[in-house]
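work14.pdb (PDB, C-alpha atoms)
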ATOM      1  CA  MET A   1      83.105  57.584 119.224
ATOM      2  CA  ILE A   2      85.923  58.684 116.900
ATOM      3  CA  ARG A   3      89.326  57.214 116.213
ATOM      4  CA  ARG A   4      91.985  59.235 117.985
ATOM      5  CA  PRO A   5      93.862  61.552 115.584
ATOM      6  CA  ALA A   6      97.439  62.536 116.368
ATOM      7  CA  ILE A   7      96.420  65.663 118.296
ATOM      8  CA  LEU A   8      94.527  63.538 120.819
ATOM      9  CA  THR A   9      97.699  61.521 121.238
ATOM     10  CA  VAL A  10      99.507  64.716 122.168
ATOM     11  CA  ILE A  11      96.990  65.497 124.900
ATOM     12  CA  ALA A  12      97.199  61.970 126.241
ATOM     13  CA  ILE A  13     100.990  62.182 126.290
ATOM     14  CA  CYS A  14     100.942  65.568 128.048
ATOM     15  CA  ILE A  15      98.623  64.407 130.786
ATOM     16  CA  ALA A  16     100.175  60.977 131.211
ATOM     17  CA  GLY A  17     103.620  62.533 131.272
ATOM     18  CA  PHE A  18     102.711  65.049 133.953
ATOM     19  CA  ALA A  19     100.932  62.538 136.153
ATOM     20  CA  THR A  20     102.742  59.206 135.972
ATOM     21  CA  ALA A  21     106.114  57.814 136.875
ATOM     22  CA  GLN A  22     106.617  55.751 133.728
ATOM     23  CA  THR A  23     109.918  56.250 131.962
ATOM     24  CA  ASN A  24     108.727  56.289 128.347
ATOM     25  CA  ILE A  25     105.404  56.635 126.582
ATOM     26  CA  ASN A  26     105.061  55.883 122.879
ATOM     27  CA  LEU A  27     101.703  56.850 121.408
ATOM     28  CA  GLY A  28     101.069  57.550 117.752
ATOM     29  CA  GLY A  29     104.768  57.369 116.926
ATOM     30  CA  MET A  30     105.735  60.092 119.406
ATOM     31  CA  THR A  31     108.000  59.026 122.270
ATOM     32  CA  VAL A  32     108.152  61.157 125.378
ATOM     33  CA  ASP A  33     110.567  60.595 128.233
ATOM     34  CA  THR A  34     108.341  61.035 131.279
ATOM     35  CA  SER A  35     111.349  60.692 133.555
ATOM     36  CA  ALA A  36     112.387  64.185 132.399
ATOM     37  CA  ALA A  37     112.046  66.880 135.027
ATOM     38  CA  ILE A  38     108.659  68.548 135.367
ATOM     39  CA  GLU A  39     108.831  72.301 135.929
ATOM     40  CA  VAL A  40     105.868  74.262 137.278
ATOM     41  CA  VAL A  41     105.827  78.057 137.261
ATOM     42  CA  SER A  42     102.955  80.104 138.733
ATOM     43  CA  ASP A  43     102.259  83.363 140.508
ATOM     44  CA  SER A  44     101.394  81.519 143.720
ATOM     45  CA  LEU A  45     101.146  78.064 145.280
ATOM     46  CA  SER A  46      99.057  76.936 148.221
ATOM     47  CA  VAL A  47      99.285  73.480 149.765
ATOM     48  CA  ASP A  48      96.683  71.962 152.082
ATOM     49  CA  GLN A  49      98.139  68.809 153.640
ATOM     50  CA  ASP A  50      94.840  67.926 155.345
ATOM     51  CA  SER A  51      92.836  67.818 152.104
ATOM     52  CA  GLY A  52      95.728  66.579 149.942
ATOM     53  CA  LYS A  53      95.592  69.507 147.515
ATOM     54  CA  ALA A  54      98.174  71.754 145.952
ATOM     55  CA  THR A  55      96.869  74.714 143.966
ATOM     56  CA  PHE A  56      98.969  76.681 141.501
ATOM     57  CA  VAL A  57      97.357  80.025 140.642
ATOM     58  CA  GLY A  58      98.126  82.700 138.055
ATOM     59  CA  ASN A  59      99.865  82.192 134.723
ATOM     60  CA  VAL A  60     100.519  78.508 135.413
ATOM     61  CA  ILE A  61     102.991  76.848 133.067
ATOM     62  CA  ILE A  62     103.805  73.156 133.442
ATOM     63  CA  GLY A  63     106.575  71.839 131.229
ATOM     64  CA  GLN A  64     108.220  68.497 130.626
ATOM     65  CA  GLY A  65     110.607  68.249 127.723
ATOM     66  CA  ASP A  66     108.894  69.781 124.676
ATOM     67  CA  LEU A  67     105.414  69.561 126.233
ATOM     68  CA  ARG A  68     103.677  72.575 127.810
ATOM     69  CA  LEU A  69     100.417  72.987 129.678
ATOM     70  CA  THR A  70      99.271  76.506 130.525
ATOM     71  CA  ALA A  71      96.247  77.534 132.588
ATOM     72  CA  GLY A  72      94.995  80.186 134.950
ATOM     73  CA  GLU A  73      94.876  77.644 137.782
ATOM     74  CA  VAL A  74      95.899  74.019 138.274
ATOM     75  CA  GLU A  75      94.800  71.996 141.285
ATOM     76  CA  VAL A  76      96.676  68.783 142.002
ATOM     77  CA  ILE A  77      94.889  66.281 144.255
ATOM     78  CA  TYR A  78      96.874  63.628 146.108
ATOM     79  CA  ALA A  79      95.796  60.328 147.675
ATOM     80  CA  ALA A  80      96.022  60.455 151.472
ATOM     81  CA  GLN A  81      97.520  56.988 151.860
ATOM     82  CA  ASP A  82     100.472  57.212 149.441
ATOM     83  CA  ASN A  83     100.706  60.848 148.269
ATOM     84  CA  ASN A  84     100.336  59.782 144.626
ATOM     85  CA  ILE A  85      98.560  62.228 142.334
ATOM     86  CA  THR A  86      94.947  61.121 141.723
ATOM     87  CA  ARG A  87      93.465  64.074 139.790
ATOM     88  CA  LEU A  88      94.512  67.209 137.984
ATOM     89  CA  LEU A  89      92.041  70.074 137.533
ATOM     90  CA  ALA A  90      93.038  72.910 135.217
ATOM     91  CA  SER A  91      90.888  75.993 134.639
ATOM     92  CA  GLY A  92      90.971  79.569 133.448
ATOM     93  CA  GLY A  93      91.804  78.784 129.831
ATOM     94  CA  VAL A  94      93.827  75.619 129.317
ATOM     95  CA  THR A  95      96.313  74.996 126.506
ATOM     96  CA  PHE A  96      98.391  71.882 125.746
ATOM     97  CA  VAL A  97     101.203  72.518 123.244
ATOM     98  CA  THR A  98     103.975  70.611 121.473
ATOM     99  CA  ALA A  99     106.076  71.741 118.531
ATOM    100  CA  ASN A 100     103.395  70.702 116.003
ATOM    101  CA  GLU A 101     100.080  70.343 117.855
ATOM    102  CA  ALA A 102      97.917  72.269 120.289
ATOM    103  CA  ALA A 103      94.696  71.807 122.237
ATOM    104  CA  GLU A 104      92.657  74.529 123.932
ATOM    105  CA  ALA A 105      89.654  74.502 126.273
ATOM    106  CA  GLN A 106      88.211  76.512 129.140
ATOM    107  CA  SER A 107      88.940  73.691 131.602
ATOM    108  CA  ALA A 108      90.421  70.203 131.814
ATOM    109  CA  THR A 109      90.052  67.396 134.337
ATOM    110  CA  TYR A 110      92.224  64.304 134.410
ATOM    111  CA  ASP A 111      91.301  61.352 136.625
ATOM    112  CA  ILE A 112      94.440  59.256 136.767
ATOM    113  CA  SER A 113      92.838  56.058 138.107
ATOM    114  CA  SER A 114      90.257  55.879 135.309
ATOM    115  CA  GLY A 115      92.542  57.390 132.655
ATOM    116  CA  LEU A 116      89.763  59.802 131.662
ATOM    117  CA  LEU A 117      90.713  63.272 130.436
ATOM    118  CA  THR A 118      87.827  65.693 129.934
ATOM    119  CA  LEU A 119      88.200  69.030 128.159
ATOM    120  CA  ALA A 120      85.253  71.405 128.426
ATOM    121  CA  GLY A 121      84.270  74.748 126.943
ATOM    122  CA  ASP A 122      85.175  75.775 123.396
ATOM    123  CA  VAL A 123      87.506  72.839 122.759
ATOM    124  CA  LEU A 124      89.852  73.337 119.807
ATOM    125  CA  LEU A 125      92.422  70.793 118.616
ATOM    126  CA  THR A 126      94.896  71.757 115.889
ATOM    127  CA  GLN A 127      97.607  69.926 114.006
ATOM    128  CA  GLY A 128      99.120  71.867 111.152
ATOM    129  CA  ALA A 129      96.226  73.116 109.014
ATOM    130  CA  SER A 130      93.774  70.522 110.393
ATOM    131  CA  ALA A 131      91.434  71.339 113.282
ATOM    132  CA  ILE A 132      88.583  69.830 115.303
ATOM    133  CA  SER A 133      86.332  71.890 117.563
ATOM    134  CA  ALA A 134      83.454  71.063 119.938
ATOM    135  CA  GLN A 135      82.035  72.088 123.281
ATOM    136  CA  SER A 136      83.487  69.092 125.127
ATOM    137  CA  MET A 137      85.756  66.155 124.616
ATOM    138  CA  SER A 138      86.505  63.058 126.678
ATOM    139  CA  ILE A 139      89.593  60.956 126.043
ATOM    140  CA  ASN A 140      90.357  57.615 127.628
ATOM    141  CA  VAL A 141      94.146  57.828 127.610
ATOM    142  CA  THR A 142      94.408  54.109 128.390
ATOM    143  CA  THR A 143      92.387  52.870 125.406
ATOM    144  CA  GLY A 144      92.901  55.860 123.124
ATOM    145  CA  SER A 145      89.183  56.320 122.473
ATOM    146  CA  ALA A 146      87.686  59.793 122.359
ATOM    147  CA  THR A 147      84.261  61.378 122.168
ATOM    148  CA  MET A 148      83.507  64.956 121.157
ATOM    149  CA  GLU A 149      80.126  66.560 121.724
ATOM    150  CA  GLY A 150      78.424  69.872 121.152
ATOM    151  CA  ARG A 151      78.384  71.048 117.538
ATOM    152  CA  VAL A 152      81.510  69.223 116.375
ATOM    153  CA  ARG A 153      83.313  70.843 113.447
ATOM    154  CA  THR A 154      86.222  69.190 111.642
ATOM    155  CA  VAL A 155      88.587  70.645 109.050
ATOM    156  CA  LEU A 156      91.013  68.056 107.664
ATOM    157  CA  GLN A 157      93.753  69.067 105.262
ATOM    158  CA  GLN A 158      94.759  66.092 103.095
ATOM    159  CA  GLY A 159      98.447  65.376 102.618
ATOM    160  CA  GLN A 160      99.589  67.782 105.337
ATOM    161  CA  ASN A 161     100.927  67.138 108.847
TER
END
Please, can you express the file's structure as structure tokens?
Amino acid sequence: MIRRPAILTVIAICIAGFATAQTNINLGGMTVDTSAAIEVVSDSLSVDQDSGKATFVGNVIIGQGDLRLTAGEVEVIYAAQDNNITRLLASGGVTFVTANEAAEAQSATYDISSGLLTLAGDVLLTQGASAISAQSMSINVTTGSATMEGRVRTVLQQGQN
């Protein structure tokens, strides 16, 4: 278990912002207005009402304010009873970006009810000149705890953002 650095906060904000209806989130000193419009751009969209899935395919870009998530494919899973989003599955090379931080992985899964975000496959987190890499990372966006596994490598630049 590691203490969540600022870049993990960014990921938590991105995911929480895209998947909740809260009006403001303040984590690690960064405030994001999650009531801002969410824009999704993709090459195609398919919706299956029976299974409660919407799948965005091809050059997917999801934006809200200054936050961006890009992936080859994003599947949004809804609860049958209330149409609330329950899970987000992103694959095909996933990137979360703000003005100062970025996170990359081959895939990402976010379970909204448990607050668990899992990044898998060549995970790389960067903030300025600092970086953390591993094969997988799990973040509990509710508690702020994170675990990285699979040959973890950390480069921390002192005195820099």
How big is the axis-aligned box around the listed atoms of stretch 149-154 of chain A once 6 Å is added on each side, and where is its centre? Give both in Å to one decimal, as JSON.
{"center_x": 82.3, "center_y": 68.8, "center_z": 116.7, "size_x": 19.8, "size_y": 16.5, "size_z": 22.1}
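Within 7 Å of stretch 57-70 of chain A, once all atoms listed in the file are used and residues closer than 6 positions along the same chain are dropped, the contacting residues are Cys14, Ala36, Ala37, Ile38, Glu39, Val40, Val41, Ser42, Asp43, Ser44, Leu45, Val94, Thr95, Phe96, Val97 and Thr98 of chain A.
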Between atom CA of A:Ala90 and atom CA of A:Phe56, measure the distance and give it in Å to one decimal. 9.4 Å
Output check: residues returned by the PyMOL selection byres ((chain A and resi 136) around 9), as number ranges by chain: A: 105, 118-123, 133-135, 137-138, 147-150, 152
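Once the PyMOL selection byres ((chain A and resi 78) around 9) is applied to this file, the selection holds Ser51, Gly52, Lys53, Ala54, Val76, Ile77, Ala79, Ala80, Gln81, Asp82, Asn83, Asn84, Ile85, Thr86 and Arg87 of chain A.
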Taking all atoms listed in the file into account, name the residue in A:Ser91, A:Asn100, A:Ser114, A:Ser107 that is nearest to A:Ser130. A:Asn100
To one decimal place, how far is atom CA of A:Val141 from atom CA of A:Val74 in Å?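 Interatomic distance, atom CA of A:Val141 to atom CA of A:Val74: 19.5 Å.
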Please provide the set of residues having any atom within 6 Å of A:Asn140, restricted to all atoms listed in the file, with same-chain residues fewer than 4 positions apart removed, written as a PyMOL selection string. chain A and resi 115-116+144-145
Can you work out the spacing between atom CA of A:Gly93 and atom CA of A:Ala146 in Å, to one decimal? 20.8 Å
Min atom-atom distance to A:Arg151 from the set A:Ala71, A:Ala99, A:Leu89, A:Leu124, counting all atoms listed in the file, belongs to A:Leu124
Applied to this file, what does the PyMOL selection byres ((chain A and resi 155) around 12) return in terms of residues, put as a CSV table (one decimal) with C-alpha atoms, in the frame of the given file?
chain,number,residue,atom,x,y,z
A,124,LEU,CA,89.9,73.3,119.8
A,125,LEU,CA,92.4,70.8,118.6
A,126,THR,CA,94.9,71.8,115.9
A,127,GLN,CA,97.6,69.9,114.0
A,128,GLY,CA,99.1,71.9,111.2
A,129,ALA,CA,96.2,73.1,109.0
A,130,SER,CA,93.8,70.5,110.4
A,131,ALA,CA,91.4,71.3,113.3
A,132,ILE,CA,88.6,69.8,115.3
A,133,SER,CA,86.3,71.9,117.6
A,152,VAL,CA,81.5,69.2,116.4
A,153,ARG,CA,83.3,70.8,113.4
A,154,THR,CA,86.2,69.2,111.6
A,156,LEU,CA,91.0,68.1,107.7
A,157,GLN,CA,93.8,69.1,105.3
A,158,GLN,CA,94.8,66.1,103.1
A,160,GLN,CA,99.6,67.8,105.3
Shortest interatomic distance to A:Ile112 - which of A:Ile139, A:Gly92, A:Gly72, A:Gln49, counting all atoms listed in the file: A:Ile139
Can stretch 72-83 of chain A be brought up to N, CA and C atoms and written out as a short mmCIF file (atom, residue, chain, number, x, y, z; two decimals), in the frame of the given file?
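Ended up saving to out.cif:
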data_model
loop_
_atom_site.label_atom_id
_atom_site.label_comp_id
_atom_site.auth_asym_id
_atom_site.auth_seq_id
_atom_site.Cartn_x
_atom_site.Cartn_y
_atom_site.Cartn_z
N GLY A 72 95.10 79.17 133.92
CA GLY A 72 95.00 80.19 134.95
C GLY A 72 95.21 79.59 136.33
N GLU A 73 94.75 78.33 136.50
CA GLU A 73 94.88 77.64 137.78
C GLU A 73 94.95 76.14 137.55
N VAL A 74 95.81 75.48 138.32
CA VAL A 74 95.90 74.02 138.27
C VAL A 74 95.87 73.50 139.71
N GLU A 75 94.91 72.63 139.97
CA GLU A 75 94.80 72.00 141.28
C GLU A 75 95.24 70.55 141.15
N VAL A 76 96.16 70.15 142.00
CA VAL A 76 96.68 68.78 142.00
C VAL A 76 96.15 68.12 143.27
N ILE A 77 95.48 66.98 143.11
CA ILE A 77 94.89 66.28 144.26
C ILE A 77 95.66 64.99 144.48
N TYR A 78 96.07 64.78 145.73
CA TYR A 78 96.87 63.63 146.11
C TYR A 78 96.05 62.64 146.93
N ALA A 79 96.42 61.35 146.83
CA ALA A 79 95.80 60.33 147.68
C ALA A 79 96.40 60.42 149.07
N ALA A 80 95.57 60.32 150.09
CA ALA A 80 96.02 60.46 151.47
C ALA A 80 96.98 59.34 151.87
N GLN A 81 96.73 58.12 151.40
CA GLN A 81 97.52 56.99 151.86
C GLN A 81 98.93 56.93 151.29
N ASP A 82 99.14 57.37 150.04
CA ASP A 82 100.47 57.21 149.44
C ASP A 82 101.02 58.48 148.78
N ASN A 83 100.29 59.57 148.85
CA ASN A 83 100.71 60.85 148.27
C ASN A 83 100.88 60.81 146.75
#
